[in-house]
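Okay, so here's the structure we're looking at.
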Amino acid sequence: MDKKKIGKNIGKAVDILMYVILFVQMIYVFTGNVVHEVLGVGFFVCLVAHLVIKRKYLLGLWRFRNKSAVRKTADIATILLTIVSAVMIFSSMGVSRTLFPWFRLMGYTDLHVYLATAVLALAVFHGGMKGYMMAKKKKRAAVFIALGCIASVAVGLALVPYLNRHFKIVSISRSEAVNGEKVEWKGSKPLVVYFTRMGNTDFEDNVDAVSGASLLLADGELTGSNKLLADMIENTIGCDVNAITLTGEKYPSSYGDTVSVAGRELRQKARPAIEPIDASGYDTVILIYPLWWGTVPMPVATFLESSDLGGKELYLIATQGSSGYGSSVDDIENMAKEANVHKVMSIYCDDIPNSRGAIAEWLKEANK
Ligand SMILES: Cc1cc2nc3c(=O)[nH]c(=O)nc-3n(C[C@H](O)[C@H](O)[C@H](O)COP(=O)(O)O)c2cc1C
């Protein structure tokens, strides 16, 4: 292969790599912060390589005379893309926690997200214009470019914030969330058993470094959202509460890693060891669990299978990021065959802090 061809192929590979990195960067809530930052450096290296490879073209960008309108548009977009990419790289360093914690310029997450969105949309436009100039069916190519740009903006402005909302920390007032109307429970009081990431995860000391699905900061203290629900029930009827707590290895701090570990446990039908919970003195158990991979987390399966729940009323409260109950109710019925299983409610994670009223209403109904 001659030198020119090799250079062209390297250029193409770098271009593709940059698009792949940009896409993966958009779903950083799943990849975790370290991967995001390392890939950011990778993007910077690719950008420099791209600029070096395309240096002749870049130098010609500024001469607009005798260029067609299409060419001019493409070139303006390329100049913008280069400038916005450079600013975005600065903003990346400003929000860096791992690789550049000492760099404090432009450290605004929102700004970083907007710049990243602009880079994605301009990159799609930039690549699209190349295709447009070669395409025979210009109208169709134009529609594709427009759709690609709209999709990029939607990803940056809607999808990424949506993911953030689900997977970032939310601050609340514990007393406002938990305290409220008291309900008289007739007969023997239920035992509340809950599972949450808090207490079962090796979180870093620095709360800001934690990226976790619907993690809550209640009065500045990191708390599991399922624990908050348990506290609400306790505050309403004054009952015993028990957490399902791992005795062995905890889940990793990163949300993405926890998802991977939980997926592996589910496939392997793992039953991680937990601290014993004695439900023998209770007729009623209220089980609060997050949906993991559409069912109960495996430590909850351990609890269900290792406890004698025969003849007891087992009330289920699931929390989730969109899946309702998934297959959890059927799975629980299989794991606690002798229990009388009742669905209570499946709560969308964003709504958890505001569920005190619904919980009290249900407790009134359940104990009529
Ligand atoms: C490992 C893992 C898997 C999850 N899988 C699902 C799922 O399949 N469907 C869903 O709607 N939400 C899923 N979620 C979101 C959680 O159910 C939701 O954020 C829950 O409120 C977390 O409660 P916690 O903060 O008390 O641990 C998952 C979360 C984790 C950490």
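In the structure tokens, chains take letters A, B, ... by order of appearance, with residues numbered from 1 within each chain and ligands from 1 in the order shown.
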Could you tell me, as a VMD selection string, which residues of segment 146-309 of chain A DSSP assigns to strand (DSSP E) when given the backbone? chain A and resid 170 to 172 191 to 194 216 to 218 221 to 223 240 to 243 284 to 290
Pull the closest atom pair for each residue of chain A that gets at most 6 Å from ligand 1, along with the distance in Å to one decimal, counting only C-alpha atoms and all ligand atoms, ordering rows by chain and then ascending residue number, as JSON lines.
```
{"residue": "A:Thr196", "atom": "CA", "partner": "ligand 1", "partner_atom_place_in_ligand_line": "27 (O)", "distance": 3.8}
{"residue": "A:Arg197", "atom": "CA", "partner": "ligand 1", "partner_atom_place_in_ligand_line": "27 (O)", "distance": 4.0}
{"residue": "A:Ala213", "atom": "CA", "partner": "ligand 1", "partner_atom_place_in_ligand_line": "19 (O)", "distance": 4.5}
{"residue": "A:Ser214", "atom": "CA", "partner": "ligand 1", "partner_atom_place_in_ligand_line": "19 (O)", "distance": 4.9}
{"residue": "A:Leu215", "atom": "CA", "partner": "ligand 1", "partner_atom_place_in_ligand_line": "25 (O)", "distance": 4.9}
{"residue": "A:Gly224", "atom": "CA", "partner": "ligand 1", "partner_atom_place_in_ligand_line": "26 (O)", "distance": 4.1}
{"residue": "A:Ser225", "atom": "CA", "partner": "ligand 1", "partner_atom_place_in_ligand_line": "26 (O)", "distance": 3.8}
{"residue": "A:Asn226", "atom": "CA", "partner": "ligand 1", "partner_atom_place_in_ligand_line": "26 (O)", "distance": 3.8}
{"residue": "A:Tyr255", "atom": "CA", "partner": "ligand 1", "partner_atom_place_in_ligand_line": "31 (C)", "distance": 6.0}
{"residue": "A:Thr258", "atom": "CA", "partner": "ligand 1", "partner_atom_place_in_ligand_line": "1 (C)", "distance": 5.0}
{"residue": "A:Val259", "atom": "CA", "partner": "ligand 1", "partner_atom_place_in_ligand_line": "1 (C)", "distance": 3.6}
{"residue": "A:Ala262", "atom": "CA", "partner": "ligand 1", "partner_atom_place_in_ligand_line": "1 (C)", "distance": 5.1}
{"residue": "A:Pro290", "atom": "CA", "partner": "ligand 1", "partner_atom_place_in_ligand_line": "17 (O)", "distance": 4.1}
{"residue": "A:Leu291", "atom": "CA", "partner": "ligand 1", "partner_atom_place_in_ligand_line": "17 (O)", "distance": 4.0}
{"residue": "A:Trp292", "atom": "CA", "partner": "ligand 1", "partner_atom_place_in_ligand_line": "5 (N)", "distance": 3.4}
{"residue": "A:Trp293", "atom": "CA", "partner": "ligand 1", "partner_atom_place_in_ligand_line": "8 (O)", "distance": 3.3}
{"residue": "A:Gly294", "atom": "CA", "partner": "ligand 1", "partner_atom_place_in_ligand_line": "8 (O)", "distance": 3.7}
{"residue": "A:Thr319", "atom": "CA", "partner": "ligand 1", "partner_atom_place_in_ligand_line": "21 (O)", "distance": 4.6}
{"residue": "A:Gln320", "atom": "CA", "partner": "ligand 1", "partner_atom_place_in_ligand_line": "17 (O)", "distance": 3.5}
{"residue": "A:Gly321", "atom": "CA", "partner": "ligand 1", "partner_atom_place_in_ligand_line": "11 (O)", "distance": 3.4}
{"residue": "A:Ser322", "atom": "CA", "partner": "ligand 1", "partner_atom_place_in_ligand_line": "11 (O)", "distance": 3.9}
{"residue": "A:Ser323", "atom": "CA", "partner": "ligand 1", "partner_atom_place_in_ligand_line": "11 (O)", "distance": 3.8}
{"residue": "A:Cys349", "atom": "CA", "partner": "ligand 1", "partner_atom_place_in_ligand_line": "21 (O)", "distance": 4.3}
```
Limited to N, CA and C atoms, could you put the picked residues into a file as an mmCIF file, in the first residue's frame?
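As a result, result05.cif now contains:
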```
data_model
loop_
_atom_site.group_PDB
_atom_site.id
_atom_site.type_symbol
_atom_site.label_atom_id
_atom_site.label_comp_id
_atom_site.auth_asym_id
_atom_site.auth_seq_id
_atom_site.Cartn_x
_atom_site.Cartn_y
_atom_site.Cartn_z
ATOM 1 N N THR A 196 -31.356 -1.944 49.891
ATOM 2 C CA THR A 196 -30.972 -0.721 49.185
ATOM 3 C C THR A 196 -29.471 -0.772 48.928
ATOM 4 N N ARG A 197 -29.017 0.059 47.979
ATOM 5 C CA ARG A 197 -27.563 0.053 47.690
ATOM 6 C C ARG A 197 -26.761 0.564 48.876
ATOM 7 N N ALA A 213 -27.819 5.302 41.069
ATOM 8 C CA ALA A 213 -29.221 5.448 40.716
ATOM 9 C C ALA A 213 -30.009 5.924 41.914
ATOM 10 N N SER A 214 -30.710 7.016 41.738
ATOM 11 C CA SER A 214 -31.598 7.599 42.737
ATOM 12 C C SER A 214 -31.024 7.547 44.144
ATOM 13 N N LEU A 215 -29.751 7.817 44.270
ATOM 14 C CA LEU A 215 -29.194 7.954 45.613
ATOM 15 C C LEU A 215 -29.689 9.263 46.184
ATOM 16 N N GLY A 224 -30.262 5.352 51.211
ATOM 17 C CA GLY A 224 -30.876 4.590 50.122
ATOM 18 C C GLY A 224 -32.331 4.977 50.019
ATOM 19 N N SER A 225 -32.843 5.040 48.796
ATOM 20 C CA SER A 225 -34.231 5.467 48.667
ATOM 21 C C SER A 225 -35.188 4.424 49.242
ATOM 22 N N ASN A 226 -34.798 3.163 49.189
ATOM 23 C CA ASN A 226 -35.664 2.132 49.781
ATOM 24 C C ASN A 226 -35.658 2.212 51.303
ATOM 25 N N TYR A 255 -22.204 2.959 39.438
ATOM 26 C CA TYR A 255 -23.513 2.431 39.049
ATOM 27 C C TYR A 255 -23.365 1.362 37.959
ATOM 28 N N THR A 258 -22.059 -1.846 39.240
ATOM 29 C CA THR A 258 -23.079 -2.553 40.037
ATOM 30 C C THR A 258 -24.061 -3.259 39.111
ATOM 31 N N VAL A 259 -24.422 -2.572 38.030
ATOM 32 C CA VAL A 259 -25.337 -3.194 37.060
ATOM 33 C C VAL A 259 -24.700 -4.475 36.500
ATOM 34 N N ALA A 262 -24.612 -7.168 39.274
ATOM 35 C CA ALA A 262 -25.973 -7.666 39.530
ATOM 36 C C ALA A 262 -26.441 -8.573 38.389
ATOM 37 N N PRO A 290 -35.573 -2.659 45.400
ATOM 38 C CA PRO A 290 -35.435 -2.017 44.093
ATOM 39 C C PRO A 290 -35.477 -3.101 43.013
ATOM 40 N N LEU A 291 -35.980 -2.756 41.859
ATOM 41 C CA LEU A 291 -35.906 -3.712 40.744
ATOM 42 C C LEU A 291 -34.490 -3.687 40.209
ATOM 43 N N TRP A 292 -33.919 -4.829 40.091
ATOM 44 C CA TRP A 292 -32.608 -4.965 39.459
ATOM 45 C C TRP A 292 -32.775 -5.953 38.308
ATOM 46 N N TRP A 293 -32.458 -5.520 37.144
ATOM 47 C CA TRP A 293 -32.614 -6.370 35.954
ATOM 48 C C TRP A 293 -34.028 -6.964 35.898
ATOM 49 N N GLY A 294 -34.995 -6.132 36.242
ATOM 50 C CA GLY A 294 -36.398 -6.560 36.102
ATOM 51 C C GLY A 294 -36.879 -7.514 37.169
ATOM 52 N N THR A 319 -39.334 -0.501 43.932
ATOM 53 C CA THR A 319 -38.955 0.803 43.388
ATOM 54 C C THR A 319 -38.218 0.538 42.080
ATOM 55 N N GLN A 320 -38.320 1.487 41.177
ATOM 56 C CA GLN A 320 -37.791 1.203 39.844
ATOM 57 C C GLN A 320 -37.543 2.462 39.026
ATOM 58 N N GLY A 321 -36.835 2.271 37.899
ATOM 59 C CA GLY A 321 -36.558 3.392 37.007
ATOM 60 C C GLY A 321 -37.399 3.344 35.753
ATOM 61 N N SER A 322 -38.438 2.516 35.712
ATOM 62 C CA SER A 322 -39.411 2.471 34.605
ATOM 63 C C SER A 322 -40.072 1.113 34.419
ATOM 64 N N SER A 323 -39.625 0.074 35.126
ATOM 65 C CA SER A 323 -40.085 -1.290 34.786
ATOM 66 C C SER A 323 -41.271 -1.805 35.587
ATOM 67 N N CYS A 349 -38.527 5.822 40.774
ATOM 68 C CA CYS A 349 -37.493 6.309 41.699
ATOM 69 C C CYS A 349 -37.586 7.805 42.024
#
```
Within 12 Å of Glu333 of chain A, counting only C-alpha atoms, which residues show up once you throw out same-chain ones fewer than 5 positions away? Write them as number ranges by chain, please. A: 295-296, 301, 304-305, 309-310, 313-316, 327-328, 338-343
If we count only C-alpha atoms and set the cut-off at 10 Å, which residues sit around Ala358 of chain A, ignoring sequence neighbours fewer than 5 positions away in its own chain? Please answer as a list in words.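 Non-adjacent residues within range: Met345, Leu363 and Lys364 of chain A.
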Take the residues that were just selected and, keeping N, CA and C atoms, output them as a PDB file, in the first residue's frame.
```
ATOM      1  N   MET A 345     -47.390  -1.471  45.823  1.00  0.00           N
ATOM      2  CA  MET A 345     -47.162  -0.407  44.837  1.00  0.00           C
ATOM      3  C   MET A 345     -45.754  -0.518  44.274  1.00  0.00           C
ATOM      4  N   LEU A 363     -51.414   1.919  54.163  1.00  0.00           N
ATOM      5  CA  LEU A 363     -51.371   1.291  55.484  1.00  0.00           C
ATOM      6  C   LEU A 363     -52.776   1.329  56.127  1.00  0.00           C
ATOM      7  N   LYS A 364     -53.504   2.420  55.896  1.00  0.00           N
ATOM      8  CA  LYS A 364     -54.874   2.519  56.438  1.00  0.00           C
ATOM      9  C   LYS A 364     -55.748   1.430  55.829  1.00  0.00           C
TER      10      LYS A 364
END
```
For Val48 of chain A, find every residue with an atom within 12 Å (counting only C-alpha atoms), except residues of its own chain fewer than 5 positions away, and show them as a VMD selection string. chain A and resid 11 14 to 15 18 41 to 43 53 to 55 82 85 to 86 89
Compare A:Glu275, A:Asp283, A:Asp219, A:Asp75 by their minimum atom-to-atom distance to Pro190 of chain A, counting only C-alpha atoms, and give me the closest one. A:Asp283
Shell around His126 of chain A at 12 Å using only C-alpha atoms, local window under 5 positions removed, as a list of chain:residue names: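 Selected residues are A:Asp15, A:Tyr19, A:Val70, A:Arg71, A:Lys72, A:Thr73, A:Ala74, A:Asp75, A:Ile76, A:Ala77, A:Thr78, A:Ile79, A:Leu80, A:Leu81, A:Thr82, A:Ala118, A:Val119, A:Leu120, A:Ala121, A:Gly131, A:Tyr132, A:Met133, A:Ile145, A:Ala146, A:Gly148, A:Cys149.
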Please, what distance in Å, to one decimal, runs between atom CA of Ile233 of chain A and atom CA of Val183 of chain A? 9.5 Å
Where does DSSP see alpha helix (DSSP H) in segment 43-150 of chain A, if you list the residues as number ranges by chain? A: 43-53, 55-60, 69-95, 109-134, 138-150
Looking at only C-alpha atoms, which of A:Ala230, A:Ile274, A:Val153, A:Leu216 is the one that sits closest to Ser173 of chain A?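 Residue with the minimum atom-to-atom distance to Ser173 of chain A: A:Leu216.
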Go through A:Asn367, A:Phe195, A:Ser346, A:Glu221 one by one, measure the shortest atom-to-atom distance of each to Tyr289 of chain A using only C-alpha atoms, and give the residue with the smallest value. A:Phe195
Could you check which of A:Lys269, A:Tyr282, A:Val344, A:Ile277 is closest to Asp331 of chain A, using only C-alpha atoms?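 So, comparing all the options, the nearest one is A:Lys269.
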Residues near Asp308 of chain A, anyone? I mean within 10 Å using only C-alpha atoms, not counting same-chain ones fewer than 4 positions away, as a ChimeraX atom specification. /A:278-280,303-304,312,336-339
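Of the listed residues A:Leu159, A:Leu105, A:Ala142, A:Leu228, the one whose atoms come nearest to Tyr28 of chain A is A:Leu159, with distances taken using only C-alpha atoms.
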